[in-house]
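Coordinates from run-v2.cif are shown below (mmCIF, C-alpha atoms).
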```cif
data_model
#
loop_
_atom_site.label_atom_id
_atom_site.label_comp_id
_atom_site.auth_asym_id
_atom_site.auth_seq_id
_atom_site.Cartn_x
_atom_site.Cartn_y
_atom_site.Cartn_z
CA MET A 1 0.00 0.00 0.00
CA ARG A 2 1.43 3.36 -1.04
CA ALA A 3 1.33 6.20 1.47
CA ARG A 4 -1.64 8.56 1.35
CA PRO A 5 -0.66 12.26 1.17
CA HIS A 6 -1.31 14.04 4.47
CA ARG A 7 -3.20 16.85 2.72
CA LEU A 8 -6.07 14.42 2.06
CA ASP A 9 -6.19 13.42 5.71
CA ARG A 10 -6.39 17.10 6.66
CA LEU A 11 -9.61 17.54 4.72
CA PRO A 12 -12.78 17.55 6.85
CA GLU A 13 -15.72 15.38 5.94
CA GLN A 14 -17.47 17.07 3.02
CA TYR A 15 -20.58 18.31 4.80
CA PHE A 16 -22.97 18.39 1.86
CA THR A 17 -21.87 15.04 0.43
CA ALA A 18 -22.50 13.44 3.82
CA LEU A 19 -25.84 15.25 4.20
CA LEU A 20 -26.98 14.15 0.74
CA ALA A 21 -26.04 10.53 1.51
CA ARG A 22 -28.12 10.58 4.73
CA VAL A 23 -31.07 12.10 2.88
CA GLN A 24 -30.88 9.52 0.08
CA THR A 25 -30.75 6.68 2.61
CA ALA A 26 -33.79 8.04 4.43
CA ALA A 27 -35.67 8.61 1.16
CA ALA A 28 -35.20 4.97 0.19
CA ARG A 29 -37.05 3.76 3.27
CA GLU A 30 -40.77 3.05 3.21
CA GLY A 31 -43.09 5.89 4.12
CA GLU A 32 -44.50 9.09 2.67
CA PRO A 33 -42.27 10.85 0.13
CA LEU A 34 -39.37 12.68 1.74
CA ILE A 35 -39.24 16.47 1.32
CA ASP A 36 -35.67 17.74 0.93
CA LEU A 37 -35.31 21.29 2.27
CA GLY A 38 -31.65 20.82 3.08
CA ARG A 39 -29.80 21.35 -0.18
CA GLY A 40 -29.05 24.75 -1.72
CA ASN A 41 -29.29 23.72 -5.37
CA PRO A 42 -30.95 26.44 -7.50
CA ASP A 43 -34.26 25.17 -8.88
CA ILE A 44 -34.78 27.95 -11.46
CA PRO A 45 -32.90 27.46 -14.77
CA PRO A 46 -30.86 30.16 -16.52
CA PRO A 47 -32.66 32.65 -18.76
CA PRO A 48 -33.49 31.18 -22.20
CA HIS A 49 -31.22 33.63 -24.03
CA VAL A 50 -28.26 32.40 -21.96
CA VAL A 51 -28.96 28.76 -22.83
CA GLU A 52 -29.31 29.77 -26.48
CA ALA A 53 -25.97 31.61 -26.39
CA LEU A 54 -24.31 28.43 -25.08
CA ARG A 55 -25.98 26.30 -27.76
CA GLU A 56 -24.98 28.62 -30.59
CA ALA A 57 -21.41 28.94 -29.36
CA ALA A 58 -20.98 25.18 -28.86
CA ALA A 59 -22.17 24.58 -32.44
CA ARG A 60 -19.25 26.56 -33.87
CA GLU A 61 -16.13 24.74 -34.97
CA ASP A 62 -13.69 27.31 -33.60
CA VAL A 63 -14.48 27.00 -29.87
CA HIS A 64 -13.38 23.48 -28.95
CA GLY A 65 -9.69 24.11 -28.45
CA TYR A 66 -8.23 25.55 -25.29
CA ALA A 67 -9.76 28.88 -24.33
CA PRO A 68 -7.40 31.69 -23.24
CA PHE A 69 -6.14 30.65 -19.82
CA ALA A 70 -6.97 34.04 -18.28
CA GLY A 71 -10.48 34.14 -19.76
CA LEU A 72 -12.09 36.16 -22.53
CA PRO A 73 -11.42 39.90 -22.24
CA ALA A 74 -15.05 40.56 -23.17
CA LEU A 75 -16.19 38.47 -20.18
CA LYS A 76 -13.98 40.45 -17.81
CA GLU A 77 -15.34 43.66 -19.27
CA ALA A 78 -18.90 42.39 -18.77
CA ILE A 79 -18.38 41.68 -15.07
CA ALA A 80 -16.66 45.05 -14.65
CA ALA A 81 -19.71 46.71 -16.23
CA ARG A 82 -22.00 44.89 -13.79
CA TYR A 83 -19.92 46.08 -10.85
CA ARG A 84 -20.13 49.64 -12.15
CA ASP A 85 -23.84 49.64 -12.97
CA VAL A 86 -25.25 47.55 -10.12
CA TYR A 87 -22.81 47.92 -7.24
CA GLY A 88 -21.35 51.35 -7.96
CA VAL A 89 -17.77 50.04 -8.13
CA GLU A 90 -15.22 50.79 -10.87
CA VAL A 91 -12.72 47.98 -11.53
CA ASP A 92 -10.04 47.53 -14.17
CA PRO A 93 -11.12 44.42 -16.13
CA GLY A 94 -7.56 43.75 -17.25
CA ARG A 95 -5.93 43.85 -13.80
CA GLU A 96 -8.67 43.44 -11.20
CA VAL A 97 -10.81 40.59 -12.55
CA ALA A 98 -9.94 36.88 -12.67
CA VAL A 99 -12.22 34.34 -14.38
CA LEU A 100 -12.75 31.24 -12.23
CA PRO A 101 -14.15 27.76 -12.92
CA GLY A 102 -16.79 28.46 -10.25
CA SER A 103 -16.45 30.73 -7.23
CA LYS A 104 -15.94 27.73 -4.91
CA THR A 105 -12.62 27.26 -6.70
CA GLY A 106 -11.76 30.81 -5.65
CA LEU A 107 -12.27 29.91 -2.00
CA MET A 108 -9.58 27.24 -2.32
CA GLU A 109 -7.28 29.40 -4.42
CA MET A 110 -7.39 32.36 -2.04
CA ALA A 111 -5.99 30.24 0.76
CA GLN A 112 -3.19 28.98 -1.46
CA VAL A 113 -2.13 32.37 -2.86
CA ALA A 114 -2.51 34.45 0.32
CA VAL A 115 -1.53 32.17 3.22
CA GLU A 116 1.70 30.39 4.00
CA ARG A 117 1.66 26.96 5.64
CA GLY A 118 0.69 27.34 9.29
CA GLY A 119 -0.84 30.79 8.86
CA ALA A 120 -4.23 31.54 10.40
CA ILE A 121 -7.38 31.88 8.31
CA VAL A 122 -10.27 33.43 10.20
CA LEU A 123 -13.68 31.97 9.34
CA PRO A 124 -17.17 33.05 10.43
CA ASP A 125 -18.97 30.79 12.89
CA PRO A 126 -21.54 29.76 11.72
CA GLY A 127 -20.19 29.76 8.17
CA TYR A 128 -20.08 27.83 4.90
CA PRO A 129 -18.46 24.44 5.70
CA ASP A 130 -16.20 24.36 2.63
CA TYR A 131 -14.24 27.34 3.93
CA ARG A 132 -12.64 24.80 6.24
CA SER A 133 -11.59 22.76 3.22
CA ALA A 134 -9.63 25.76 1.95
CA VAL A 135 -7.83 25.95 5.30
CA ALA A 136 -6.96 22.26 5.15
CA LEU A 137 -5.66 22.30 1.57
CA ALA A 138 -3.39 25.25 2.36
CA ALA A 139 -2.11 23.54 5.54
CA ALA A 140 -3.23 26.66 7.39
CA ARG A 141 -4.77 27.08 10.84
CA HIS A 142 -8.48 27.70 11.40
CA ALA A 143 -9.45 30.55 13.72
CA ALA A 144 -13.18 31.04 14.41
CA LEU A 145 -14.86 34.43 14.33
CA PRO A 146 -18.22 34.24 16.14
CA LEU A 147 -21.21 35.91 14.47
CA LEU A 148 -23.56 37.87 16.72
CA ALA A 149 -27.36 37.75 16.47
CA ASP A 150 -27.50 40.30 13.61
CA GLY A 151 -24.82 38.46 11.61
CA ARG A 152 -22.09 40.97 12.55
CA PRO A 153 -18.74 39.45 13.57
CA ASP A 154 -17.70 39.72 17.20
CA TRP A 155 -14.49 41.59 16.48
CA ASP A 156 -13.47 41.40 20.14
CA ALA A 157 -13.12 37.64 19.64
CA ALA A 158 -11.00 37.96 16.47
CA PRO A 159 -7.29 37.08 16.70
CA GLU A 160 -4.81 39.94 16.82
CA GLU A 161 -2.80 38.49 13.93
CA ALA A 162 -3.88 36.38 10.96
CA ALA A 163 -3.12 35.82 7.29
CA ALA A 164 -6.66 35.98 5.88
CA LEU A 165 -10.29 36.55 6.78
CA TYR A 166 -13.25 35.04 4.94
CA LEU A 167 -16.54 36.98 5.09
CA ASN A 168 -19.88 36.22 3.43
CA TYR A 169 -22.85 38.58 2.97
CA PRO A 170 -25.64 37.79 2.38
CA SER A 171 -24.56 34.99 4.65
CA ASN A 172 -24.86 31.23 4.27
CA PRO A 173 -26.19 29.77 6.55
CA VAL A 174 -27.52 32.57 8.78
CA ALA A 175 -29.25 34.45 5.90
CA ALA A 176 -28.07 37.85 7.19
CA ALA A 177 -27.58 40.81 4.89
CA ALA A 178 -24.45 42.89 5.48
CA PRO A 179 -24.90 44.92 8.69
CA ASP A 180 -24.14 48.63 8.40
CA GLY A 181 -20.42 49.32 8.67
CA VAL A 182 -19.34 45.67 8.69
CA PHE A 183 -17.03 46.03 5.67
CA ASP A 184 -15.33 49.08 7.17
CA GLU A 185 -14.85 47.13 10.40
CA ALA A 186 -13.36 44.20 8.48
CA ILE A 187 -10.91 46.43 6.63
CA ALA A 188 -9.82 48.12 9.86
CA TRP A 189 -9.31 44.75 11.56
CA ALA A 190 -7.39 43.41 8.54
CA HIS A 191 -4.97 46.34 8.69
CA ARG A 192 -4.36 45.73 12.38
CA ALA A 193 -3.96 41.97 11.95
CA GLY A 194 -1.90 42.08 8.74
CA ALA A 195 -4.53 39.97 6.96
CA TRP A 196 -6.09 39.80 3.52
CA VAL A 197 -9.89 39.80 3.22
CA LEU A 198 -11.96 37.56 0.95
CA HIS A 199 -15.65 38.46 0.66
CA ASP A 200 -17.83 35.65 -0.66
CA PHE A 201 -20.54 37.52 -2.61
CA ALA A 202 -22.24 34.43 -4.06
CA TYR A 203 -25.72 35.52 -2.93
CA GLY A 204 -25.10 39.21 -3.50
CA ASP A 205 -28.22 39.96 -5.54
CA LEU A 206 -30.59 37.94 -3.33
CA VAL A 207 -31.52 40.49 -0.66
CA PHE A 208 -35.03 41.18 0.64
CA ASP A 209 -37.28 43.81 2.21
CA GLY A 210 -36.18 46.63 -0.06
CA ARG A 211 -32.46 46.20 0.57
CA ARG A 212 -29.95 46.91 -2.19
CA PRO A 213 -27.01 44.58 -2.99
CA ARG A 214 -23.87 45.79 -1.18
CA SER A 215 -20.44 44.91 -2.52
CA PHE A 216 -17.44 44.77 -0.20
CA LEU A 217 -15.48 46.66 -2.86
CA ALA A 218 -17.69 49.73 -2.39
CA ALA A 219 -16.11 50.27 1.05
CA GLU A 220 -13.16 52.66 1.26
CA GLY A 221 -9.87 50.74 1.23
CA ALA A 222 -11.45 47.44 0.21
CA ARG A 223 -9.42 47.11 -2.97
CA GLU A 224 -6.19 47.39 -0.99
CA ALA A 225 -7.44 44.87 1.59
CA GLY A 226 -8.64 42.01 -0.59
CA ILE A 227 -10.99 40.55 -3.17
CA GLU A 228 -14.62 39.61 -3.66
CA LEU A 229 -15.94 36.43 -5.27
CA PHE A 230 -18.94 36.75 -7.60
CA SER A 231 -20.84 33.68 -8.75
CA MET A 232 -23.05 33.19 -11.81
CA SER A 233 -24.86 30.40 -9.94
CA LYS A 234 -27.30 32.35 -7.80
CA SER A 235 -28.11 35.49 -9.82
CA TYR A 236 -28.44 33.66 -13.14
CA GLY A 237 -29.18 30.03 -12.20
CA MET A 238 -25.92 28.78 -13.76
CA ALA A 239 -24.85 26.59 -10.83
CA GLY A 240 -23.71 23.60 -12.88
CA TRP A 241 -21.91 25.74 -15.46
CA ARG A 242 -19.00 26.49 -13.08
CA LEU A 243 -18.29 30.13 -13.82
CA GLY A 244 -17.32 32.82 -11.34
CA PHE A 245 -14.97 35.74 -10.77
CA ALA A 246 -12.45 37.11 -8.29
CA VAL A 247 -12.66 40.91 -8.33
CA GLY A 248 -10.55 43.48 -6.52
CA ASN A 249 -6.93 43.61 -5.39
CA ALA A 250 -4.70 43.42 -8.47
CA GLU A 251 -1.91 41.54 -6.70
CA LEU A 252 -4.25 38.79 -5.51
CA VAL A 253 -5.91 38.61 -8.94
CA ALA A 254 -2.48 38.14 -10.55
CA ARG A 255 -1.57 35.42 -8.06
CA ILE A 256 -4.83 33.57 -8.73
CA GLU A 257 -4.33 33.75 -12.48
CA ASN A 258 -0.77 32.48 -12.11
CA LEU A 259 -1.97 29.55 -10.00
CA GLN A 260 -4.71 28.76 -12.53
CA ASN A 261 -2.19 28.82 -15.38
CA HIS A 262 -0.67 25.77 -13.71
CA GLN A 263 -3.85 24.03 -12.49
CA PHE A 264 -6.35 24.62 -15.30
CA ALA A 265 -6.51 25.20 -19.02
CA GLY A 266 -9.21 27.85 -19.02
CA VAL A 267 -13.02 27.66 -18.92
CA PHE A 268 -14.85 26.16 -21.93
CA ARG A 269 -15.32 29.09 -24.30
CA PRO A 270 -19.08 28.59 -24.94
CA VAL A 271 -19.66 28.81 -21.17
CA GLN A 272 -17.77 32.09 -21.13
CA GLU A 273 -19.77 33.41 -24.07
CA ALA A 274 -22.99 32.41 -22.32
CA GLY A 275 -21.69 34.31 -19.28
CA ILE A 276 -21.28 37.41 -21.44
CA ALA A 277 -24.87 36.96 -22.66
CA ALA A 278 -26.10 36.70 -19.07
CA LEU A 279 -24.20 39.77 -17.85
CA THR A 280 -24.90 42.02 -20.83
CA GLY A 281 -28.37 40.84 -21.87
CA PRO A 282 -31.80 41.47 -20.32
CA GLN A 283 -31.62 41.57 -16.52
CA GLU A 284 -35.30 41.19 -15.66
CA THR A 285 -34.84 37.56 -14.63
CA VAL A 286 -32.41 38.56 -11.86
CA GLU A 287 -35.17 40.55 -10.16
CA GLU A 288 -37.77 37.87 -10.90
CA ARG A 289 -35.54 35.27 -9.25
CA ARG A 290 -34.94 37.49 -6.22
CA ALA A 291 -38.66 38.25 -5.84
CA LEU A 292 -39.59 34.57 -6.05
CA TYR A 293 -37.16 33.67 -3.27
CA GLU A 294 -38.45 36.56 -1.17
CA ALA A 295 -42.03 35.30 -1.54
CA ARG A 296 -40.90 31.83 -0.50
CA ARG A 297 -38.97 33.37 2.41
CA ASP A 298 -42.17 35.09 3.57
CA ARG A 299 -44.04 31.76 3.66
CA ALA A 300 -41.20 30.10 5.54
CA LEU A 301 -41.01 32.85 8.17
CA ALA A 302 -44.77 32.63 8.68
CA ALA A 303 -44.54 28.87 9.20
CA LEU A 304 -41.62 29.29 11.61
CA THR A 305 -43.16 32.00 13.79
CA GLY A 306 -41.86 31.68 17.34
CA HIS A 307 -38.66 29.89 16.37
CA ASP A 308 -36.28 32.81 15.88
CA ALA A 309 -36.31 32.34 12.10
CA ARG A 310 -34.13 34.69 10.03
CA GLY A 311 -33.98 35.44 6.33
CA GLU A 312 -32.67 38.82 5.13
CA GLY A 313 -31.07 37.37 2.01
CA THR A 314 -29.78 34.23 0.20
CA PHE A 315 -32.22 31.43 -0.57
CA PHE A 316 -32.05 30.03 2.95
CA VAL A 317 -33.85 30.55 6.24
CA TRP A 318 -31.99 29.98 9.51
CA PHE A 319 -34.08 28.92 12.49
CA ARG A 320 -33.73 27.65 16.03
CA LEU A 321 -34.80 24.11 16.85
CA PRO A 322 -36.78 23.64 20.06
CA GLU A 323 -35.17 21.71 22.89
CA GLY A 324 -35.19 17.99 22.15
CA LEU A 325 -35.87 18.28 18.42
CA THR A 326 -32.99 17.60 16.04
CA ALA A 327 -32.50 17.67 12.29
CA GLU A 328 -32.01 13.90 12.44
CA HIS A 329 -35.38 13.51 14.16
CA LEU A 330 -37.06 15.64 11.48
CA LEU A 331 -35.49 13.43 8.82
CA GLU A 332 -36.33 10.09 10.36
CA GLU A 333 -39.71 10.79 11.99
CA HIS A 334 -41.23 13.54 9.85
CA ARG A 335 -39.59 12.87 6.46
CA ILE A 336 -38.22 16.43 6.17
CA ALA A 337 -34.57 17.11 5.43
CA VAL A 338 -32.97 20.33 6.72
CA ALA A 339 -29.28 21.11 7.12
CA PRO A 340 -28.14 20.64 10.76
CA GLY A 341 -26.69 23.85 12.16
CA GLU A 342 -23.73 22.22 13.90
CA GLY A 343 -22.25 21.41 10.48
CA PHE A 344 -21.71 25.14 9.95
CA GLY A 345 -19.76 25.66 13.17
CA GLU A 346 -20.06 25.29 16.91
CA ARG A 347 -22.33 28.31 17.18
CA GLY A 348 -24.76 26.63 14.80
CA ARG A 349 -25.58 23.91 17.31
CA GLY A 350 -29.30 23.91 18.05
CA TRP A 351 -30.14 25.63 14.75
CA ALA A 352 -31.00 24.41 11.25
CA ARG A 353 -30.89 25.79 7.71
CA LEU A 354 -33.89 25.49 5.43
CA SER A 355 -33.54 25.88 1.66
CA LEU A 356 -35.94 27.92 -0.46
CA ALA A 357 -34.45 26.53 -3.69
CA VAL A 358 -37.18 23.94 -4.12
CA ARG A 359 -40.45 23.77 -6.04
CA ASP A 360 -43.29 25.70 -4.44
CA ASP A 361 -45.45 22.63 -3.90
CA ALA A 362 -42.59 20.80 -2.19
CA LEU A 363 -41.76 23.85 -0.07
CA ASP A 364 -45.34 24.25 1.12
CA GLU A 365 -45.68 20.55 1.96
CA GLY A 366 -42.35 20.65 3.79
CA LEU A 367 -43.29 23.77 5.74
CA GLY A 368 -46.56 22.16 6.80
CA ARG A 369 -44.75 19.09 8.11
CA LEU A 370 -42.15 21.24 9.80
CA ARG A 371 -44.78 23.37 11.54
CA ARG A 372 -46.51 20.26 12.88
CA ALA A 373 -43.19 18.85 14.10
CA LEU A 374 -42.26 22.10 15.85
CA ASP A 375 -45.70 22.38 17.45
CA GLY A 376 -45.48 18.78 18.63
#
```

Translate this file's structure into structure tokens.
Amino acid sequence: MRARPHRLDRLPEQYFTALLARVQTAAAREGEPLIDLGRGNPDIPPPPHVVEALREAAAREDVHGYAPFAGLPALKEAIAARYRDVYGVEVDPGREVAVLPGSKTGLMEMAQVAVERGGAIVLPDPGYPDYRSAVALAAARHAALPLLADGRPDWDAAPEEAAALYLNYPSNPVAAAAPDGVFDEAIAWAHRAGAWVLHDFAYGDLVFDGRRPRSFLAAEGAREAGIELFSMSKSYGMAGWRLGFAVGNAELVARIENLQNHQFAGVFRPVQEAGIAALTGPQETVEERRALYEARRDRALAALTGHDARGEGTFFVWFRLPEGLTAEHLLEEHRIAVAPGEGFGERGRGWARLSLAVRDDALDEGLGRLRRALDG
């Protein structure tokens, strides 16, 4: 038997793979159909003109070789235009935008290009579980940053020194929009700690109750402090297409592109051309998507009245489980899958995440079962 590299042993259990396996096992048992409200897999497809752009591009004979490793300049210009028009941020598409094969890749790359072995990466608690995978792959150290009730970090609990900080607003799993001043606070802390900042903006356009999307890069000094990751998955329903961007600090962008020159051979050109169509074409579907999730959020909050349910953005609702009721019990006894809060960090214990990225009929049936379980 040949030795297994230690980096694989450092990896935590992949939370969502394990969750999906438990749900599939439960679904195979006899009983009423299981309702899966645990997985954040967008249920609304991309706009038709985006699918058509992919189809037309893939039919051409000139697109099946290697795409430019750094991405199409027109795609970088399109994301820069979105940042200018929607978020009020001017970026240089040639120096401050990197094309990624999905923004999750950027989470892993940031740790590798910004943190030396043994350096500390500060992660929100509760936070997206795969942030911990980035720490493990970089052989870094994990430092937890507790989130307070409004989703704001408890800066008094942050380490005095660190190599990097990961932030995420709107936040998965706690569904909090960016609290006022939080980006300024993060930049000030990063300067004191000598750390880079990565802001995970995957759910950036999915904010509710009249809020406007707020980019980290709109804060003064953000471009010197770090980068933001933008995903095509949530705003445009292109989750399986694996296309995202790192935007901001030119030095970090250059490092990411250098790393990708060694690890990848570019993103399939028709996917990039479809991305251009999404970013530059009609934008009505972005608002339609946001409004649909907000309407679903409203129904979920109504069903979860009395259980400290929260949902300012994303397509999730975060709620407290009553004493004695667990996500496992909901799965086994009530045939409802939700994501257990402890998988997102120690401060998630006793909570659960509910997904709104499901068909309306399934959501309503699941909410009815959940209400009965909570009342019982």

So that I can see what lies close to range 168-181 of chain A, please list as an mmCIF file with C-alpha atoms, keeping the file's coordinate frame the residues with an atom at most 9 Å from it, counting only C-alpha atoms and leaving out residues fewer than 2 positions away in the same chain.
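Full text of around16.cif as output:
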```cif
data_model
loop_
_atom_site.group_PDB
_atom_site.id
_atom_site.type_symbol
_atom_site.label_atom_id
_atom_site.label_comp_id
_atom_site.auth_asym_id
_atom_site.auth_seq_id
_atom_site.Cartn_x
_atom_site.Cartn_y
_atom_site.Cartn_z
ATOM 1 C CA PRO A 124 -17.170 33.050 10.430
ATOM 2 C CA PRO A 126 -21.540 29.760 11.720
ATOM 3 C CA GLY A 127 -20.190 29.760 8.170
ATOM 4 C CA TYR A 128 -20.080 27.830 4.900
ATOM 5 C CA ASP A 150 -27.500 40.300 13.610
ATOM 6 C CA GLY A 151 -24.820 38.460 11.610
ATOM 7 C CA ARG A 152 -22.090 40.970 12.550
ATOM 8 C CA TYR A 166 -13.250 35.040 4.940
ATOM 9 C CA PHE A 183 -17.030 46.030 5.670
ATOM 10 C CA ASP A 184 -15.330 49.080 7.170
ATOM 11 C CA GLU A 185 -14.850 47.130 10.400
ATOM 12 C CA ALA A 186 -13.360 44.200 8.480
ATOM 13 C CA LEU A 198 -11.960 37.560 0.950
ATOM 14 C CA HIS A 199 -15.650 38.460 0.660
ATOM 15 C CA ASP A 200 -17.830 35.650 -0.660
ATOM 16 C CA PHE A 201 -20.540 37.520 -2.610
ATOM 17 C CA ALA A 202 -22.240 34.430 -4.060
ATOM 18 C CA TYR A 203 -25.720 35.520 -2.930
ATOM 19 C CA GLY A 204 -25.100 39.210 -3.500
ATOM 20 C CA ASP A 205 -28.220 39.960 -5.540
ATOM 21 C CA LEU A 206 -30.590 37.940 -3.330
ATOM 22 C CA VAL A 207 -31.520 40.490 -0.660
ATOM 23 C CA PHE A 208 -35.030 41.180 0.640
ATOM 24 C CA ARG A 211 -32.460 46.200 0.570
ATOM 25 C CA PRO A 213 -27.010 44.580 -2.990
ATOM 26 C CA ARG A 214 -23.870 45.790 -1.180
ATOM 27 C CA SER A 215 -20.440 44.910 -2.520
ATOM 28 C CA PHE A 216 -17.440 44.770 -0.200
ATOM 29 C CA ALA A 219 -16.110 50.270 1.050
ATOM 30 C CA ARG A 310 -34.130 34.690 10.030
ATOM 31 C CA GLY A 311 -33.980 35.440 6.330
ATOM 32 C CA GLU A 312 -32.670 38.820 5.130
ATOM 33 C CA GLY A 313 -31.070 37.370 2.010
ATOM 34 C CA THR A 314 -29.780 34.230 0.200
ATOM 35 C CA PHE A 315 -32.220 31.430 -0.570
ATOM 36 C CA PHE A 316 -32.050 30.030 2.950
ATOM 37 C CA VAL A 317 -33.850 30.550 6.240
ATOM 38 C CA TRP A 318 -31.990 29.980 9.510
ATOM 39 C CA PHE A 319 -34.080 28.920 12.490
ATOM 40 C CA GLY A 341 -26.690 23.850 12.160
ATOM 41 C CA PHE A 344 -21.710 25.140 9.950
ATOM 42 C CA GLY A 348 -24.760 26.630 14.800
ATOM 43 C CA ALA A 352 -31.000 24.410 11.250
ATOM 44 C CA ARG A 353 -30.890 25.790 7.710
ATOM 45 C CA LEU A 354 -33.890 25.490 5.430
#
```

Self-check item: Interatomic distance, CA of Thr25 in chain A to CA of Arg297 in chain A (Å, one decimal)
Solution: 27.9 Å

Practice problem: May I ask for the distance between CA of Leu19 in chain A and CA of Asp130 in chain A, given in Å to one decimal place? | Solution: 13.4 Å

Quiz prompt | Explicit residues for the PyMOL selection byres ((chain A and resi 331) around 12) (as a VMD selection string) | solution = chain A and resid 19 to 20 22 to 27 29 31 to 38 325 to 330 332 to 340 366 369 to 370 373

Exercise. Identify, on the basis of only C-alpha atoms, every residue whose closest approach to Leu75 in chain A does not exceed 6 Å; exclude the query and any residue fewer than 3 positions from it along the same chain; express the result as a VMD selection string.
Key: chain A and resid 72 78 276

Exercise. May I ask for the distance between CA of Ala138 in chain A and CA of Leu107 in chain A, given in Å to one decimal place?
Key: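 CA of Leu107 in chain A lies 10.9 Å from CA of Ala138 in chain A.
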
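Here the question is which of A:Glu161, A:Asp156, A:Asp43, A:Asp360 gets nearest to Ala295 in chain A using all atoms listed in the file, and that residue is A:Asp360.
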
Quiz prompt | Expansion of the PyMOL selection byres ((chain A and resi 251) around 12) into residues, as a ChimeraX atom specification | solution = /A:95-98,110,113-114,196,223-227,246-250,252-258

Exercise. Can you turn the PyMOL selection byres ((chain A and resi 305-308) around 7) into a concrete residue list for this file, as a ChimeraX atom specification?
Key: /A:301-304,309-310,319-321

For Leu148 in chain A, find every residue with an atom within 10 Å (counting all atoms listed in the file), except residues of its own chain fewer than 5 positions away, and show them as a PDB file with C-alpha atoms, in the coordinates of the input.
```pdb
ATOM      1  CA  ASP A 125     -18.970  30.790  12.890  1.00  0.00           C
ATOM      2  CA  PRO A 126     -21.540  29.760  11.720  1.00  0.00           C
ATOM      3  CA  PRO A 153     -18.740  39.450  13.570  1.00  0.00           C
ATOM      4  CA  ASP A 154     -17.700  39.720  17.200  1.00  0.00           C
ATOM      5  CA  TRP A 155     -14.490  41.590  16.480  1.00  0.00           C
ATOM      6  CA  ARG A 347     -22.330  28.310  17.180  1.00  0.00           C
TER       7      ARG A 347
END
```

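The smallest atom-to-atom distance between Val51 in chain A and any of A:Val286, A:Leu374, A:Ala357, A:Val271, using all atoms listed in the file, is found for A:Val271.
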
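Residue nearest Glu323 in chain A within the list A:Asp375, A:Glu228, A:Glu13, A:Asp92: A:Asp375 [criterion: smallest interatomic distance, only C-alpha atoms].
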
Self-check item: Nearest-residue call for Val99 in chain A, choices A:Pro270, A:Gly244, A:Gly118, A:Gly237, using all atoms listed in the file
Solution: A:Gly244

Quiz item: Counting only C-alpha atoms, which of A:Arg289, A:Arg212, A:Leu259, A:Ala111 gets nearest to Tyr87 in chain A?
Solution: A:Arg212

Quiz item: Quick one: residues within 12 Å of Asp9 in chain A, all atoms listed in the file counted, chain neighbours fewer than 2 positions away excluded, as a ChimeraX atom specification?
Solution: /A:3-7,11-13,133,136-137,139

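With all atoms listed in the file as the atoms that count, the minimum distance from Arg141 in chain A to the choices A:Gly119, A:Ser235, A:Thr105, A:Gly350 is reached by A:Gly119.
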
Exercise. Extract, using only C-alpha atoms, all DNA, RNA and protein residues at most 9 Å from Asn41 in chain A, discarding same-chain residues fewer than 3 positions from it, and format them as a PyMOL selection string.
Key: chain A and resi 239+355+357-358
